[in-house]
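The file coords11.cif comes next; it holds mmCIF, C-alpha atoms.
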data_target
loop_
_atom_site.label_atom_id
_atom_site.label_comp_id
_atom_site.auth_asym_id
_atom_site.auth_seq_id
_atom_site.Cartn_x
_atom_site.Cartn_y
_atom_site.Cartn_z
CA MET A 1 190.47 117.14 104.51
CA ASP A 2 192.49 114.41 106.15
CA LEU A 3 192.72 115.61 109.75
CA LYS A 4 194.93 112.67 110.69
CA GLN A 5 197.49 113.82 108.13
CA LEU A 6 197.13 117.44 109.23
CA SER A 7 197.82 116.30 112.78
CA SER A 8 201.05 114.55 111.79
CA ILE A 9 202.27 116.95 109.08
CA CYS A 10 200.93 120.35 110.11
CA PRO A 11 202.46 123.26 108.17
CA GLU A 12 204.43 125.66 110.35
CA VAL A 13 202.14 128.57 109.47
CA LEU A 14 199.16 126.66 110.90
CA LYS A 15 201.08 125.62 114.02
CA ASN A 16 202.04 129.25 114.62
CA ALA A 17 198.38 130.25 114.32
CA GLY A 18 197.33 127.65 116.89
CA VAL A 19 195.48 125.39 114.44
CA GLU A 20 195.07 121.88 115.86
CA ALA A 21 193.54 119.01 113.91
CA ASP A 22 191.99 117.51 117.06
CA GLN A 23 190.25 120.80 117.85
CA LEU A 24 188.84 121.01 114.31
CA ARG A 25 187.71 117.36 114.50
CA ASP A 26 185.96 117.94 117.83
CA ARG A 27 184.28 121.12 116.65
CA PHE A 28 183.17 120.14 113.14
CA CYS A 29 183.30 116.32 112.88
CA SER A 30 181.65 115.17 116.09
CA GLY A 31 178.75 113.45 114.36
CA LYS A 32 176.35 116.36 114.35
CA PRO A 33 175.90 118.55 111.26
CA SER A 34 177.78 121.83 111.11
CA ALA A 35 176.86 124.89 109.10
CA ILE A 36 178.60 128.22 108.90
CA PRO A 37 176.47 131.15 107.78
CA SER A 38 177.86 133.51 105.18
CA CYS A 39 179.51 136.59 106.62
CA SER A 40 181.91 139.29 105.52
CA ASP A 41 184.89 137.36 106.95
CA SER A 42 184.21 134.22 104.92
CA GLU A 43 183.30 136.24 101.84
CA HIS A 44 186.63 138.06 102.17
CA ILE A 45 188.45 134.72 102.12
CA PHE A 46 186.77 133.39 98.98
CA ALA A 47 186.15 136.55 96.90
CA PRO A 48 189.65 136.74 95.32
CA LEU A 49 189.21 133.27 93.81
CA PHE A 50 186.57 134.54 91.39
CA SER A 51 188.79 137.15 89.77
CA ALA A 52 192.16 135.38 89.98
CA PRO A 53 193.94 134.60 86.73
CA VAL A 54 193.84 130.90 85.84
CA SER A 55 197.64 130.75 86.06
CA VAL A 56 197.63 131.43 89.83
CA ARG A 57 194.41 129.73 90.94
CA ILE A 58 196.01 126.52 92.25
CA SER A 59 198.52 128.48 94.34
CA LEU A 60 195.80 130.82 95.56
CA LEU A 61 193.56 127.88 96.47
CA LYS A 62 196.36 126.42 98.59
CA LEU A 63 196.71 129.72 100.44
CA LYS A 64 192.95 129.95 100.92
CA VAL A 65 192.84 126.46 102.46
CA LEU A 66 195.37 127.61 105.04
CA GLU A 67 193.37 130.78 105.60
CA ILE A 68 190.06 128.94 106.07
CA LEU A 69 191.66 126.49 108.52
CA ILE A 70 192.92 129.42 110.59
CA TYR A 71 189.48 131.04 110.37
CA LEU A 72 187.67 127.86 111.44
CA SER A 73 190.13 127.24 114.24
CA ASN A 74 189.51 130.70 115.68
CA MET A 75 185.73 130.70 115.33
CA LYS A 76 183.82 131.09 118.53
CA SER A 77 181.69 128.09 119.44
CA GLY A 78 178.10 128.46 118.35
CA ALA A 79 178.99 130.92 115.59
#

Translate this structure into structure tokens?
Amino acid sequence: MDLKQLSSICPEVLKNAGVEADQLRDRFCSGKPSAIPSCSDSEHIFAPLFSAPVSVRISLLKLKVLEILIYLSNMKSGA
């Protein structure tokens, strides 16, 4: 993900959810490895991709990227 581009061209839905590229960069790209354990929240985000018809997968993937950015932005530190 190009966080510089996200910072300059942030979709309105992400702005409204409080997603900030600088916050994501500081939290996940600060030079130390990051890992997010599997949980029901993340499984809920990705599960529909496995059963989606091929004809809608690209559109669904775009929605899921927005959803995961909102999820990551709202994660508590240390989670």

Check: What's the 10 Å shell around range 39-42 of chain A, counting only C-alpha atoms, without same-chain residues fewer than 5 positions away, as a list in words?
Finding: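 Once the adjacent positions are removed, what remains is Ala47, Glu67, Ile68, Tyr71 and Leu72 of chain A.
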
Notebook entry, point to check: What does the distance from CA of Arg57 in chain A to CA of Glu43 in chain A come to in Å, to one decimal?
Noted result: 16.9 Å

Next item on the list: For the structure provided, state which residues fall under the PyMOL selection byres ((chain A and resi 69) around 10), and present them as a list of chain:residue names.
Entry: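 In the shown coordinates, the PyMOL selection byres ((chain A and resi 69) around 10) covers A:Leu14, A:Ala17, A:Val19, A:Glu20, A:Ala21, A:Leu24, A:Lys64, A:Val65, A:Leu66, A:Glu67, A:Ile68, A:Ile70, A:Tyr71, A:Leu72, A:Ser73, A:Asn74, A:Met75.
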
Item checked: Residue members of the PyMOL selection byres ((chain A and resi 49) around 12) in the file shown, as JSON, numbers by chain -> {"A": [43, 44, 45, 46, 47, 48, 50, 51, 52, 53, 54, 55, 56, 57, 58, 59, 60, 61, 62, 63, 64, 65]}

Next, dump the selected residues to file, keeping only C-alpha atoms, as a PDB file, keeping the file's coordinate frame.
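That gives us part.pdb:
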ATOM      1  CA  GLU A  43     183.300 136.240 101.840  1.00  0.00           C
ATOM      2  CA  HIS A  44     186.630 138.060 102.170  1.00  0.00           C
ATOM      3  CA  ILE A  45     188.450 134.720 102.120  1.00  0.00           C
ATOM      4  CA  PHE A  46     186.770 133.390  98.980  1.00  0.00           C
ATOM      5  CA  ALA A  47     186.150 136.550  96.900  1.00  0.00           C
ATOM      6  CA  PRO A  48     189.650 136.740  95.320  1.00  0.00           C
ATOM      7  CA  PHE A  50     186.570 134.540  91.390  1.00  0.00           C
ATOM      8  CA  SER A  51     188.790 137.150  89.770  1.00  0.00           C
ATOM      9  CA  ALA A  52     192.160 135.380  89.980  1.00  0.00           C
ATOM     10  CA  PRO A  53     193.940 134.600  86.730  1.00  0.00           C
ATOM     11  CA  VAL A  54     193.840 130.900  85.840  1.00  0.00           C
ATOM     12  CA  SER A  55     197.640 130.750  86.060  1.00  0.00           C
ATOM     13  CA  VAL A  56     197.630 131.430  89.830  1.00  0.00           C
ATOM     14  CA  ARG A  57     194.410 129.730  90.940  1.00  0.00           C
ATOM     15  CA  ILE A  58     196.010 126.520  92.250  1.00  0.00           C
ATOM     16  CA  SER A  59     198.520 128.480  94.340  1.00  0.00           C
ATOM     17  CA  LEU A  60     195.800 130.820  95.560  1.00  0.00           C
ATOM     18  CA  LEU A  61     193.560 127.880  96.470  1.00  0.00           C
ATOM     19  CA  LYS A  62     196.360 126.420  98.590  1.00  0.00           C
ATOM     20  CA  LEU A  63     196.710 129.720 100.440  1.00  0.00           C
ATOM     21  CA  LYS A  64     192.950 129.950 100.920  1.00  0.00           C
ATOM     22  CA  VAL A  65     192.840 126.460 102.460  1.00  0.00           C
TER      23      VAL A  65
END

Next item on the list: Give me, please, the distance in Å between CA of Lys32 in chain A and CA of Lys4 in chain A, quoted to one decimal.
Entry: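 Taking CA of Lys32 in chain A and CA of Lys4 in chain A, their separation equals 19.3 Å.
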
Item checked: Coordinates-based distance that separates CA of Gln23 in chain A from CA of Leu3 in chain A (Å, one decimal) ->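 We find that CA of Leu3 in chain A and CA of Gln23 in chain A lie 9.9 Å from each other.
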
Next item on the list: Can you work out which one of A:Pro11, A:Asn16, A:Met1, A:Leu6 has the shortest atom-to-atom distance to Cys29 in chain A, counting all atoms listed in the file?
Entry: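 Selected residue with least distance to Cys29 in chain A: A:Met1.
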
With all heavy atoms as the goal, would you fill in the gaps in range 20-31 of chain A and present it as a compact mmCIF listing (two decimals), in the coordinates of the input?
# COMPACT_ATOMS: atom_id res chain seq x y z
N GLU A 20 194.87 123.26 115.41
CA GLU A 20 195.07 121.88 115.86
C GLU A 20 194.01 120.99 115.23
O GLU A 20 192.81 121.27 115.32
CB GLU A 20 194.99 121.79 117.38
CG GLU A 20 196.08 122.58 118.09
CD GLU A 20 195.96 122.48 119.59
OE1 GLU A 20 195.23 121.60 120.10
OE2 GLU A 20 196.59 123.30 120.27
N ALA A 21 194.46 119.93 114.58
CA ALA A 21 193.54 119.01 113.91
C ALA A 21 192.51 118.44 114.88
O ALA A 21 191.33 118.31 114.53
CB ALA A 21 194.32 117.89 113.22
N ASP A 22 192.93 118.08 116.09
CA ASP A 22 191.99 117.51 117.06
C ASP A 22 190.89 118.50 117.42
O ASP A 22 189.72 118.12 117.57
CB ASP A 22 192.73 117.08 118.33
CG ASP A 22 193.62 115.89 118.10
OD1 ASP A 22 193.42 115.16 117.10
OD2 ASP A 22 194.55 115.68 118.90
N GLN A 23 191.24 119.77 117.54
CA GLN A 23 190.25 120.80 117.85
C GLN A 23 189.25 120.93 116.70
O GLN A 23 188.04 121.02 116.93
CB GLN A 23 190.95 122.13 118.09
CG GLN A 23 189.99 123.27 118.36
CD GLN A 23 190.68 124.62 118.29
OE1 GLN A 23 191.47 124.87 117.38
NE2 GLN A 23 190.36 125.48 119.23
N LEU A 24 189.74 120.92 115.47
CA LEU A 24 188.84 121.01 114.31
C LEU A 24 187.93 119.78 114.24
O LEU A 24 186.74 119.90 113.96
CB LEU A 24 189.65 121.14 113.02
CG LEU A 24 190.38 122.47 112.84
CD1 LEU A 24 191.34 122.39 111.66
CD2 LEU A 24 189.40 123.61 112.66
N ARG A 25 188.49 118.61 114.51
CA ARG A 25 187.71 117.36 114.50
C ARG A 25 186.60 117.43 115.55
O ARG A 25 185.44 117.11 115.27
CB ARG A 25 188.61 116.16 114.76
CG ARG A 25 187.88 114.82 114.69
CD ARG A 25 188.78 113.63 114.97
NE ARG A 25 189.91 113.55 114.06
CZ ARG A 25 191.19 113.87 114.38
NH1 ARG A 25 191.50 114.25 115.59
NH2 ARG A 25 192.14 113.77 113.49
N ASP A 26 186.95 117.85 116.75
CA ASP A 26 185.96 117.94 117.83
C ASP A 26 184.86 118.95 117.51
O ASP A 26 183.68 118.72 117.79
CB ASP A 26 186.62 118.32 119.15
CG ASP A 26 187.52 117.24 119.70
OD1 ASP A 26 187.44 116.08 119.22
OD2 ASP A 26 188.33 117.55 120.60
N ARG A 27 185.24 120.05 116.91
CA ARG A 27 184.28 121.12 116.65
C ARG A 27 183.37 120.83 115.46
O ARG A 27 182.18 121.12 115.50
CB ARG A 27 185.02 122.44 116.41
CG ARG A 27 184.07 123.62 116.25
CD ARG A 27 184.79 124.91 116.09
NE ARG A 27 185.43 125.27 117.35
CZ ARG A 27 186.26 126.29 117.47
NH1 ARG A 27 186.55 127.03 116.43
NH2 ARG A 27 186.81 126.57 118.63
N PHE A 28 183.93 120.25 114.38
CA PHE A 28 183.17 120.14 113.14
C PHE A 28 182.87 118.71 112.70
O PHE A 28 182.10 118.51 111.78
CB PHE A 28 183.91 120.86 112.01
CG PHE A 28 184.06 122.33 112.26
CD1 PHE A 28 185.28 122.87 112.63
CD2 PHE A 28 182.98 123.19 112.14
CE1 PHE A 28 185.43 124.22 112.87
CE2 PHE A 28 183.11 124.54 112.38
CZ PHE A 28 184.34 125.06 112.75
N CYS A 29 183.48 117.71 113.34
CA CYS A 29 183.30 116.32 112.88
C CYS A 29 182.85 115.42 114.01
O CYS A 29 183.21 114.25 114.07
CB CYS A 29 184.61 115.80 112.29
SG CYS A 29 185.30 116.81 111.00
N SER A 30 182.05 115.94 114.91
CA SER A 30 181.65 115.17 116.09
C SER A 30 180.38 114.37 115.87
O SER A 30 179.78 113.90 116.84
CB SER A 30 181.50 116.11 117.28
OG SER A 30 180.47 117.04 117.04
N GLY A 31 179.94 114.23 114.63
CA GLY A 31 178.75 113.45 114.36
C GLY A 31 177.50 114.27 114.18
O GLY A 31 176.50 113.78 113.67
